[in-house]
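Structure data follow from my_file_14.txt (compact mmCIF, C-alpha atoms):
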```
# COMPACT_ATOMS: atom_id res chain seq x y z
CA MET A 1 9.50 2.85 -28.06
CA LEU A 2 8.19 3.43 -24.55
CA ILE A 3 5.18 5.71 -24.06
CA GLY A 4 4.31 6.93 -20.54
CA ILE A 5 0.93 8.38 -19.56
CA ASP A 6 -0.32 9.91 -16.31
CA ASP A 7 -2.98 12.05 -14.63
CA THR A 8 -5.95 11.48 -16.93
CA ASP A 9 -8.52 10.68 -14.24
CA SER A 10 -10.41 12.66 -11.64
CA PRO A 11 -12.49 11.93 -8.53
CA ALA A 12 -15.53 11.95 -10.84
CA GLY A 13 -14.33 9.16 -13.10
CA MET A 14 -11.92 7.87 -15.75
CA CYS A 15 -8.74 5.95 -14.95
CA THR A 16 -5.22 6.19 -16.33
CA THR A 17 -4.88 2.39 -16.46
CA TYR A 18 -8.11 2.27 -18.50
CA LEU A 19 -6.69 4.76 -20.98
CA GLY A 20 -3.58 2.59 -21.15
CA ALA A 21 -5.72 -0.45 -21.91
CA VAL A 22 -7.65 1.37 -24.64
CA PHE A 23 -4.36 2.68 -26.05
CA ALA A 24 -2.90 -0.84 -26.21
CA GLY A 25 -6.05 -2.09 -27.92
CA LYS A 26 -5.89 0.67 -30.53
CA LEU A 27 -2.23 -0.07 -31.21
CA ARG A 28 -3.00 -3.74 -31.86
CA GLU A 29 -5.95 -2.83 -34.10
CA GLU A 30 -3.62 -0.75 -36.24
CA GLY A 31 -1.09 -3.56 -36.53
CA TYR A 32 1.50 -2.37 -34.04
CA SER A 33 3.03 -4.51 -31.32
CA VAL A 34 2.41 -4.11 -27.60
CA ASP A 35 5.47 -5.71 -26.05
CA SER A 36 4.83 -4.80 -22.41
CA MET A 37 2.43 -2.88 -20.20
CA THR A 38 3.71 -1.40 -16.93
CA LEU A 39 1.70 0.11 -14.07
CA ALA A 40 3.82 2.19 -11.69
CA ARG A 41 2.26 3.31 -8.42
CA LEU A 42 4.01 6.42 -7.15
CA ASN A 43 4.23 8.12 -3.75
CA PRO A 44 0.89 7.33 -2.06
CA ASN A 45 1.14 10.58 -0.10
CA ALA A 46 1.34 12.85 -3.14
CA ARG A 47 -0.74 15.94 -2.53
CA TYR A 48 -2.26 16.15 -6.00
CA LYS A 49 -3.07 12.50 -6.66
CA THR A 50 -6.64 11.39 -7.30
CA ARG A 51 -6.89 7.78 -6.08
CA GLY A 52 -4.07 5.27 -6.54
CA ASN A 53 -1.48 7.63 -8.07
CA ALA A 54 -0.81 5.28 -10.99
CA ALA A 55 1.15 5.99 -14.17
CA VAL A 56 1.41 3.56 -17.09
CA CYS A 57 4.04 2.76 -19.70
CA ILE A 58 3.34 0.94 -22.97
CA GLU A 59 6.17 -0.56 -25.00
CA THR A 60 5.39 -0.57 -28.72
CA ASP A 61 6.93 -0.32 -32.18
CA ALA A 62 4.48 2.41 -33.21
CA GLY A 63 6.99 5.28 -32.81
CA GLU A 64 5.62 8.77 -33.46
CA LYS A 65 2.27 7.32 -34.55
CA GLY A 66 1.98 5.79 -31.09
CA PHE A 67 2.73 9.13 -29.43
CA GLU A 68 0.12 10.86 -31.58
CA LEU A 69 -2.45 8.17 -30.79
CA ALA A 70 -1.79 8.43 -27.06
CA CYS A 71 -2.24 12.20 -27.20
CA SER A 72 -5.49 11.90 -29.15
CA LEU A 73 -6.84 9.47 -26.56
CA VAL A 74 -5.98 11.90 -23.77
CA ASP A 75 -7.86 14.61 -25.66
CA GLU A 76 -10.83 12.25 -26.01
CA LEU A 77 -10.95 10.47 -22.66
CA ALA A 78 -9.17 12.47 -19.94
CA ASP A 79 -11.37 14.44 -17.56
CA LEU A 80 -9.89 17.79 -18.57
CA SER A 81 -12.79 19.67 -16.99
CA CYS A 82 -11.42 18.78 -13.55
CA GLU A 83 -9.05 21.39 -12.13
CA ARG A 84 -6.83 18.66 -10.63
CA THR A 85 -6.53 16.67 -13.88
CA ASN A 86 -3.38 17.73 -15.73
CA PRO A 87 -2.29 14.93 -18.08
CA GLY A 88 1.15 14.21 -19.45
CA VAL A 89 2.38 11.90 -22.22
CA ALA A 90 6.07 11.19 -22.87
CA MET A 91 7.94 8.91 -25.29
CA ALA A 92 11.51 7.58 -25.25
CA GLU A 93 13.39 5.02 -27.31
CA SER A 94 14.58 3.11 -24.23
CA PRO A 95 14.13 3.22 -20.44
CA LEU A 96 15.22 6.49 -18.85
CA PRO A 97 17.53 6.64 -15.77
CA SER A 98 15.81 4.88 -12.88
CA TRP A 99 16.64 7.47 -10.23
CA PHE A 100 13.65 9.53 -11.36
CA TYR A 101 11.19 6.68 -10.77
CA LYS A 102 12.76 5.81 -7.41
CA LYS A 103 12.38 9.40 -6.26
CA ALA A 104 8.81 9.59 -7.58
CA VAL A 105 7.74 6.54 -5.56
CA THR A 106 9.44 7.57 -2.30
CA ASN A 107 9.62 11.36 -2.44
CA PHE A 108 8.41 14.34 -4.50
CA LEU A 109 9.32 15.92 -7.83
CA THR A 110 8.26 19.16 -9.46
CA ILE A 111 6.84 19.68 -12.93
CA GLU A 112 9.97 21.63 -13.78
CA GLU A 113 12.18 18.71 -12.73
CA ALA A 114 10.15 16.35 -14.90
CA VAL A 115 10.40 18.60 -17.96
CA GLU A 116 14.15 19.02 -17.47
CA PHE A 117 14.59 15.26 -17.04
CA LEU A 118 12.63 14.48 -20.20
CA TYR A 119 14.41 17.15 -22.23
CA GLU A 120 17.90 16.10 -21.11
CA ASN A 121 17.16 12.48 -21.99
CA GLY A 122 15.84 13.25 -25.46
CA ALA A 123 12.22 12.31 -24.76
CA VAL A 124 9.25 13.61 -26.73
CA TYR A 125 6.54 14.93 -24.42
CA ARG A 126 3.33 16.89 -24.15
CA GLY A 127 1.55 18.26 -21.12
CA TRP A 128 -2.04 19.44 -20.76
CA LYS A 129 -2.94 22.44 -18.63
CA ASN A 130 -0.17 22.74 -15.99
CA GLY A 131 1.40 19.46 -17.18
CA ARG A 132 1.69 17.81 -13.76
CA GLY A 133 1.11 14.43 -15.38
CA LEU A 134 4.56 14.71 -16.94
CA ILE A 135 5.97 13.73 -13.53
CA GLY A 136 4.20 10.39 -13.65
CA ALA A 137 4.82 9.92 -17.36
CA ALA A 138 8.55 10.42 -16.81
CA ALA A 139 8.47 8.09 -13.80
CA ALA A 140 6.77 5.42 -15.93
CA LEU A 141 9.50 5.73 -18.58
CA SER A 142 12.17 5.30 -15.91
CA ALA A 143 10.42 2.59 -13.85
CA SER A 144 12.83 -0.13 -12.78
CA PHE A 145 11.32 -2.62 -10.34
CA ASP A 146 13.48 -4.54 -7.87
CA ASP A 147 10.37 -6.63 -7.25
CA SER A 148 7.18 -6.85 -9.28
CA THR A 149 3.71 -8.37 -9.32
CA TYR A 150 0.90 -8.51 -11.88
CA GLU A 151 -2.63 -7.17 -12.05
CA LEU A 152 -5.26 -8.20 -14.55
CA LEU A 153 -7.83 -5.43 -14.81
CA ALA A 154 -11.26 -5.78 -16.39
CA TYR A 155 -13.08 -2.59 -17.36
CA ARG A 156 -16.53 -1.37 -18.23
CA HIS A 157 -16.91 1.27 -20.93
CA HIS A 158 -15.89 4.60 -19.40
CA GLU A 159 -19.38 6.05 -19.91
CA GLU A 160 -21.05 3.21 -17.97
CA LYS A 161 -22.03 4.40 -14.48
CA GLY A 162 -24.54 1.75 -13.40
CA GLU A 163 -24.09 -0.92 -10.76
CA ARG A 164 -21.26 -3.34 -11.49
CA ILE A 165 -22.43 -6.90 -12.06
CA VAL A 166 -19.88 -9.27 -10.54
CA ASP A 167 -20.89 -12.52 -8.85
CA ARG A 168 -19.71 -12.31 -5.26
CA GLY A 169 -19.38 -16.05 -4.77
CA SER A 170 -17.19 -16.42 -7.85
CA ILE A 171 -14.69 -13.90 -6.44
CA PHE A 172 -14.42 -15.89 -3.20
CA LEU A 173 -14.00 -19.08 -5.23
CA ALA A 174 -11.25 -17.50 -7.33
CA GLU A 175 -9.37 -16.53 -4.17
CA GLU A 176 -9.79 -19.98 -2.65
CA LYS A 177 -8.45 -21.63 -5.81
CA THR A 178 -5.44 -19.38 -6.33
CA TYR A 179 -4.40 -18.06 -2.90
CA PRO A 180 -1.57 -17.47 -1.88
CA HIS A 181 -0.48 -16.85 -5.49
CA THR A 182 -3.16 -14.17 -5.77
CA TRP A 183 -4.33 -12.00 -2.90
CA ASP A 184 -6.59 -9.19 -1.74
CA SER A 185 -9.47 -10.13 -4.03
CA VAL A 186 -11.55 -10.63 -0.88
CA ASP A 187 -11.19 -10.10 2.85
CA PHE A 188 -12.18 -13.40 4.45
CA GLY A 189 -12.07 -11.88 7.93
CA LYS A 190 -14.63 -9.21 7.09
CA ASP A 191 -16.45 -11.38 4.50
CA VAL A 192 -16.27 -8.65 1.85
CA VAL A 193 -15.12 -8.40 -1.77
CA VAL A 194 -12.12 -6.09 -2.14
CA CYS A 195 -11.25 -6.25 -5.86
CA VAL A 196 -14.48 -4.63 -7.12
CA PRO A 197 -14.34 -0.84 -6.60
CA HIS A 198 -17.18 1.42 -5.59
CA THR A 199 -15.70 4.53 -7.18
CA PRO A 200 -17.04 6.04 -10.44
CA ASP A 201 -14.15 4.82 -12.59
CA PRO A 202 -14.32 2.21 -15.38
CA VAL A 203 -12.64 -0.63 -13.40
CA LEU A 204 -14.93 -3.66 -13.16
CA TYR A 205 -12.51 -5.69 -11.04
CA GLY A 206 -8.77 -6.22 -10.64
CA ILE A 207 -6.93 -9.42 -9.69
CA ARG A 208 -3.41 -9.18 -8.25
CA GLY A 209 -0.91 -11.98 -8.17
CA GLU A 210 2.62 -13.28 -8.55
CA SER A 211 2.46 -14.13 -12.26
CA PRO A 212 0.33 -13.71 -15.39
CA GLU A 213 -0.62 -17.38 -15.18
CA TRP A 214 -2.00 -17.11 -11.64
CA VAL A 215 -4.07 -13.97 -12.23
CA LYS A 216 -5.50 -15.45 -15.43
CA LYS A 217 -6.41 -18.61 -13.55
CA ALA A 218 -8.21 -16.56 -10.91
CA VAL A 219 -10.14 -14.65 -13.58
CA SER A 220 -11.26 -17.96 -15.11
CA TYR A 221 -13.46 -18.50 -12.04
CA ILE A 222 -15.06 -15.06 -12.04
CA LYS A 223 -18.59 -14.57 -13.31
CA SER A 224 -19.45 -11.01 -14.27
CA GLU A 225 -20.91 -8.80 -16.94
CA GLU A 226 -18.88 -8.90 -20.14
CA PRO A 227 -15.89 -6.56 -19.77
CA PHE A 228 -15.50 -3.83 -22.38
CA ILE A 229 -11.73 -4.39 -22.34
CA THR A 230 -9.07 -6.07 -20.19
CA ALA A 231 -5.38 -5.39 -19.57
CA LEU A 232 -2.57 -7.26 -17.87
CA TYR A 233 -0.01 -4.99 -16.23
CA ARG A 234 3.34 -5.72 -14.63
CA THR A 235 3.43 -3.50 -11.57
CA ASN A 236 5.17 -2.48 -8.36
CA GLN A 237 2.00 -3.04 -6.35
CA GLY A 238 2.48 -5.15 -3.26
CA THR A 239 6.26 -4.66 -3.17
CA ASP A 240 6.89 -2.02 -0.46
CA ALA A 241 8.68 0.07 -3.09
CA HIS A 242 7.52 3.22 -1.26
CA LEU A 243 9.30 2.40 2.02
CA LEU A 244 12.56 4.05 3.06
CA ASP A 245 14.76 2.74 5.89
CA ALA A 246 15.36 5.60 8.29
CA ARG A 247 16.02 6.82 11.81
CA ILE A 248 13.21 8.67 13.54
CA ALA A 249 15.25 11.89 13.73
CA ASP A 250 15.50 11.96 9.93
CA ILE A 251 11.93 11.26 8.81
CA LYS A 252 9.91 13.81 6.83
CA GLU A 253 6.21 14.39 6.31
CA ASP A 254 4.44 12.56 3.47
CA ARG A 255 7.13 9.92 2.99
CA SER A 256 6.82 6.25 3.90
CA TYR A 257 9.25 4.46 6.17
CA ARG A 258 10.48 1.23 7.69
CA ILE A 259 11.76 2.01 11.20
CA ARG A 260 13.13 -0.25 13.93
CA GLY A 261 12.79 0.87 17.52
CA THR A 262 11.56 0.16 21.02
CA VAL A 263 8.01 0.72 22.22
CA SER A 264 8.23 3.52 24.78
CA SER A 265 4.62 3.95 25.88
CA PHE A 266 1.58 1.83 26.54
CA PRO A 267 -0.89 1.91 23.63
CA SER A 268 -3.95 4.08 24.11
CA THR A 269 -7.29 4.10 22.32
CA GLY A 270 -8.51 7.50 21.28
CA GLU A 271 -11.68 9.01 19.86
CA GLY A 272 -13.00 6.99 16.94
CA GLY A 273 -11.25 3.81 18.04
CA HIS A 274 -7.80 4.78 16.76
CA VAL A 275 -4.92 3.20 18.70
CA SER A 276 -1.54 4.87 19.19
CA PHE A 277 1.78 4.30 20.94
CA LEU A 278 5.26 5.83 20.94
CA LEU A 279 8.28 4.18 19.32
CA SER A 280 11.85 5.29 20.14
CA ASP A 281 15.14 4.48 18.45
CA GLU A 282 17.42 6.61 20.63
CA PRO A 283 17.03 8.39 23.99
CA GLY A 284 14.64 11.30 23.78
CA ILE A 285 13.67 10.63 20.16
CA SER A 286 10.27 9.05 19.50
CA VAL A 287 7.44 9.03 17.00
CA ARG A 288 3.74 8.33 17.44
CA CYS A 289 2.50 5.24 15.60
CA MET A 290 -1.19 5.00 14.69
CA ALA A 291 -3.48 2.07 13.91
CA TYR A 292 -6.66 3.67 12.64
CA GLU A 293 -10.16 2.28 13.04
CA PRO A 294 -10.39 0.93 9.44
CA THR A 295 -7.53 -1.47 10.26
CA LYS A 296 -10.02 -3.35 12.49
CA GLY A 297 -8.47 -6.40 14.23
CA PHE A 298 -4.94 -5.16 13.56
CA ARG A 299 -5.55 -2.69 16.41
CA ASP A 300 -5.88 -5.62 18.83
CA VAL A 301 -2.29 -6.57 18.06
CA VAL A 302 -1.15 -3.02 18.70
CA ARG A 303 -3.05 -2.89 22.01
CA LYS A 304 -0.98 -5.85 23.29
CA LEU A 305 2.33 -3.99 23.00
CA ILE A 306 4.12 -2.81 26.14
CA PRO A 307 7.14 -0.57 26.71
CA GLY A 308 10.34 -2.46 26.00
CA ASP A 309 9.04 -4.44 23.05
CA VAL A 310 11.34 -4.14 20.04
CA ALA A 311 9.58 -3.73 16.70
CA THR A 312 9.88 -2.63 13.10
CA VAL A 313 7.03 -0.44 11.91
CA CYS A 314 6.09 0.29 8.29
CA GLY A 315 3.89 3.11 7.10
CA SER A 316 3.57 6.71 5.96
CA PHE A 317 4.55 9.64 8.14
CA LYS A 318 1.67 12.11 8.06
CA SER A 319 0.68 14.84 10.51
CA GLY A 320 3.35 13.76 12.95
CA SER A 321 2.43 10.05 13.02
CA ILE A 322 3.45 6.82 11.33
CA ASN A 323 0.22 5.41 9.91
CA LEU A 324 0.83 1.71 10.35
CA GLU A 325 0.61 -0.68 7.38
CA LYS A 326 2.30 -3.55 9.21
CA ILE A 327 4.54 -4.25 12.17
CA GLU A 328 7.17 -6.84 12.99
CA ILE A 329 7.50 -7.79 16.65
CA ILE A 330 11.20 -8.60 17.02
CA SER A 331 11.37 -9.26 20.76
CA LEU A 332 8.99 -9.01 23.69
CA ALA A 333 9.66 -7.33 27.00
CA GLU A 334 8.93 -9.28 30.16
CA LYS A 335 5.58 -8.40 31.65
CA THR A 336 5.38 -8.71 35.42
CA VAL A 337 3.17 -7.77 38.32
CA ALA A 338 4.22 -7.25 41.95
CA LYS A 339 2.16 -8.89 44.70
CA PRO A 340 2.60 -9.11 48.46
CA PRO A 341 4.74 -12.18 49.23
CA VAL A 342 3.38 -15.42 50.68
CA CYS A 343 4.27 -15.88 54.35
CA SER A 344 6.02 -19.03 55.59
CA CYS A 345 2.72 -19.90 57.28
CA GLY A 346 1.06 -20.04 53.87
CA LYS A 347 -1.02 -16.87 54.08
CA ARG A 348 -0.36 -13.98 51.66
CA MET A 349 0.90 -10.89 53.47
CA THR A 350 -0.64 -7.46 53.18
CA SER A 351 0.91 -4.00 52.96
CA ALA A 352 2.30 -2.70 56.23
CA GLY A 353 1.96 0.86 55.01
CA THR A 354 3.67 3.10 52.50
CA GLY A 355 7.37 2.27 52.46
CA LYS A 356 7.05 -0.24 55.31
CA GLY A 357 6.97 -3.46 53.27
CA TYR A 358 4.57 -6.30 54.05
CA LYS A 359 3.23 -8.06 57.14
CA CYS A 360 1.37 -11.30 57.78
CA ARG A 361 -1.85 -10.69 59.70
CA ARG A 362 -1.88 -14.29 60.91
CA CYS A 363 1.61 -14.71 62.42
CA GLY A 364 3.14 -11.25 62.24
CA GLU A 365 6.05 -12.19 59.97
CA LYS A 366 7.39 -9.26 57.91
CA SER A 367 9.03 -8.89 54.48
CA GLY A 368 10.43 -5.95 52.62
CA GLU A 369 10.23 -7.40 49.11
CA PRO A 370 7.14 -8.14 46.98
CA GLU A 371 6.67 -11.33 44.98
CA ILE A 372 7.31 -10.69 41.28
CA ILE A 373 5.00 -12.73 39.06
CA ARG A 374 5.71 -13.09 35.34
CA ILE A 375 2.62 -12.72 33.14
CA GLU A 376 2.44 -14.69 29.90
CA ARG A 377 2.28 -12.33 26.90
CA GLU A 378 -0.66 -12.67 24.51
CA LEU A 379 1.60 -11.77 21.61
CA SER A 380 4.30 -13.62 19.69
CA PRO A 381 7.26 -12.34 17.68
CA GLY A 382 6.59 -12.06 13.95
CA TRP A 383 4.90 -9.89 11.34
CA TYR A 384 1.36 -8.52 11.62
CA GLU A 385 -0.48 -6.53 8.94
CA VAL A 386 -3.64 -4.56 8.32
CA PRO A 387 -6.51 -6.51 6.66
CA PRO A 388 -7.02 -6.44 2.87
CA VAL A 389 -9.81 -3.86 3.15
CA ALA A 390 -7.30 -1.39 4.63
CA ARG A 391 -4.21 -2.26 2.57
CA ARG A 392 -2.56 0.29 0.30
CA HIS A 393 -1.65 -0.58 -3.29
CA LEU A 394 2.09 -0.56 -2.65
CA SER A 395 2.14 -2.30 0.73
CA LYS A 396 3.56 -5.83 0.45
CA PRO A 397 1.13 -8.43 1.87
CA LEU A 398 2.70 -11.06 4.11
CA VAL A 399 1.17 -13.82 1.99
CA ARG A 400 3.68 -13.03 -0.75
CA ASN A 401 6.37 -14.66 1.37
CA ARG A 402 4.30 -17.86 1.35
CA ALA A 403 3.64 -17.69 -2.39
CA LYS A 404 7.37 -17.67 -3.13
CA ASN A 405 8.18 -20.63 -0.86
```
Can you present the structure in this file as structure tokens?
Amino acid sequence: MLIGIDDTDSPAGMCTTYLGAVFAGKLREEGYSVDSMTLARLNPNARYKTRGNAAVCIETDAGEKGFELACSLVDELADLSCERTNPGVAMAESPLPSWFYKKAVTNFLTIEEAVEFLYENGAVYRGWKNGRGLIGAAAALSASFDDSTYELLAYRHHEEKGERIVDRGSIFLAEEKTYPHTWDSVDFGKDVVVCVPHTPDPVLYGIRGESPEWVKKAVSYIKSEEPFITALYRTNQGTDAHLLDARIADIKEDRSYRIRGTVSSFPSTGEGGHVSFLLSDEPGISVRCMAYEPTKGFRDVVRKLIPGDVATVCGSFKSGSINLEKIEIISLAEKTVAKPPVCSCGKRMTSAGTGKGYKCRRCGEKSGEPEIIRIERELSPGWYEVPPVARRHLSKPLVRNRAKN
């Protein structure tokens, strides 16, 4: 049996992955198997999400007892006092059709669509309050990953709200020992720990990597307070599962895209340090691309673009802009500057007046054409990405290409 759970947390605390971990622990205590644990991140632009928009799916032989246990844990642990917390639990004998998950991670679905999907596929389900969590629960039951990674999550007890005790140096050591097979535990460029949250949820830390073996190895270096519980999830994090290939004319708000085009304006820096430029993929059709201040040094890459550069941009389309997660520079336009030509006598000419060309003040020689000087670009073709501190859960880090080689 597969049991999907979603929307049990709130901005004030709790965490759906924590409830999944507790659920798996309870199943094992009662003698049932836990054959797999899946964490599915869904559309990061969803209007009603709390933080990471995560749903979980637990595979077990517990049957109806498992469904009843999951529901009792939602009653006990979910933050039902929060208006935006509307849990859902669903159970199916086997994975449901994957189109539902694929739409949930790239687009939007209604509660009614989720209920219809679950009913038509013979699933058992229960929703709390308006039942919005049934969307994520159904998506978890239908999750089919073309690519996957792993995350080992350590948790405090959900009632613990004090300062997390995790040795900073041990996190850096874990990254040094396991990178590039694990990633985003720290941001070396900013000298900060990334994998320890500051939100009021039960997560103590989370280590992401290519395999269970690598994340477990990383955790072996970490010194921290004793976790209340841990869980190892297979997940779509770091896979770009949210990105759709599209033309600019076809993009829609609150979806995420991968778009190839030509830079059609010089980048400009606006209020707050945000950098923007226009990208076009056909005459008269363009979209604004934004590198926001939290992306730090990534903005310096964007500032070096010039019109004519060909690039692929990745990010979410919100409020009329592509919010950049990464960019591939495919080809660079030639950057030149026009100067007055050098006279045959060796002296550089000066302007003879608007539209009159150039004239040498020493010997009087004239020329109608400037000297075109090619300027070396401070940018090379290739991929560039935002730093770990600014990376979204679903965005695929470039280091994954190295880890697989």
* Find the distance between CA of Ala241 (chain A) and CA of Ser98 (chain A) and write it in Å to one decimal. =>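 We find that CA of Ala241 (chain A) and CA of Ser98 (chain A) lie 13.0 Å from each other.
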* To do: Using all atoms listed in the file, find the one residue out of A:Asn236, A:Gly272, A:Pro180, A:Leu134 that sits nearest to Arg402 (chain A).
  => A:Pro180
So which residues are close to (-2.0, 3.6, 22.5), meaning at most 12 Å away in the file's coordinates with only C-alpha atoms counted, and can you show them as a PDB file with C-alpha atoms, in the frame of the given file?
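Result went into result-v1.pdb, see below:
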```pdb
ATOM      1  CA  VAL A 263       8.010   0.720  22.220  1.00  0.00           C
ATOM      2  CA  SER A 264       8.230   3.520  24.780  1.00  0.00           C
ATOM      3  CA  SER A 265       4.620   3.950  25.880  1.00  0.00           C
ATOM      4  CA  PHE A 266       1.580   1.830  26.540  1.00  0.00           C
ATOM      5  CA  PRO A 267      -0.890   1.910  23.630  1.00  0.00           C
ATOM      6  CA  SER A 268      -3.950   4.080  24.110  1.00  0.00           C
ATOM      7  CA  THR A 269      -7.290   4.100  22.320  1.00  0.00           C
ATOM      8  CA  GLY A 270      -8.510   7.500  21.280  1.00  0.00           C
ATOM      9  CA  GLU A 271     -11.680   9.010  19.860  1.00  0.00           C
ATOM     10  CA  GLY A 273     -11.250   3.810  18.040  1.00  0.00           C
ATOM     11  CA  HIS A 274      -7.800   4.780  16.760  1.00  0.00           C
ATOM     12  CA  VAL A 275      -4.920   3.200  18.700  1.00  0.00           C
ATOM     13  CA  SER A 276      -1.540   4.870  19.190  1.00  0.00           C
ATOM     14  CA  PHE A 277       1.780   4.300  20.940  1.00  0.00           C
ATOM     15  CA  LEU A 278       5.260   5.830  20.940  1.00  0.00           C
ATOM     16  CA  LEU A 279       8.280   4.180  19.320  1.00  0.00           C
ATOM     17  CA  ARG A 288       3.740   8.330  17.440  1.00  0.00           C
ATOM     18  CA  CYS A 289       2.500   5.240  15.600  1.00  0.00           C
ATOM     19  CA  MET A 290      -1.190   5.000  14.690  1.00  0.00           C
ATOM     20  CA  ALA A 291      -3.480   2.070  13.910  1.00  0.00           C
ATOM     21  CA  TYR A 292      -6.660   3.670  12.640  1.00  0.00           C
ATOM     22  CA  ARG A 299      -5.550  -2.690  16.410  1.00  0.00           C
ATOM     23  CA  ASP A 300      -5.880  -5.620  18.830  1.00  0.00           C
ATOM     24  CA  VAL A 301      -2.290  -6.570  18.060  1.00  0.00           C
ATOM     25  CA  VAL A 302      -1.150  -3.020  18.700  1.00  0.00           C
ATOM     26  CA  ARG A 303      -3.050  -2.890  22.010  1.00  0.00           C
ATOM     27  CA  LYS A 304      -0.980  -5.850  23.290  1.00  0.00           C
ATOM     28  CA  LEU A 305       2.330  -3.990  23.000  1.00  0.00           C
ATOM     29  CA  ILE A 306       4.120  -2.810  26.140  1.00  0.00           C
ATOM     30  CA  PRO A 307       7.140  -0.570  26.710  1.00  0.00           C
TER      31      PRO A 307
END
```
* For Asp184 (chain A), which residue out of A:Arg41, A:Lys217, A:His393, A:Arg234 is the nearest one, using only C-alpha atoms? ->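 Closest to Asp184 (chain A), using only C-alpha atoms: A:His393.
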* To do: Would you please work out which residue, of A:Ala104, A:Ala174, A:Leu19, A:Leu394, is nearest to Tyr221 (chain A) when using all atoms listed in the file?
  =>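 That would be A:Ala174, the residue with the smallest distance to Tyr221 (chain A).
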* Asked: What's the 12 Å shell around Gly4 (chain A), counting only C-alpha atoms, without same-chain residues fewer than 5 positions away, as a PyMOL selection string?
  -> chain A and resi 16-17+19-20+23+36-40+54-60+66-67+70-71+74+87-96+101+118+123-127+133-143
* Asked: With all atoms listed in the file as the basis for distance, which of A:Ser367, A:Thr178, A:Ser319, A:Thr295 is at the shortest distance from Trp214 (chain A)?
  ->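 Of A:Ser367, A:Thr178, A:Ser319, A:Thr295, the one nearest Trp214 (chain A) is A:Thr178, counting all atoms listed in the file.
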* Asked: For Ala78 (chain A), which residue among A:Gly13, A:Pro212, A:Gly357, A:Gly31 is the nearest when counting all atoms listed in the file?
  ->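 That would be A:Gly13, the residue with the smallest distance to Ala78 (chain A).
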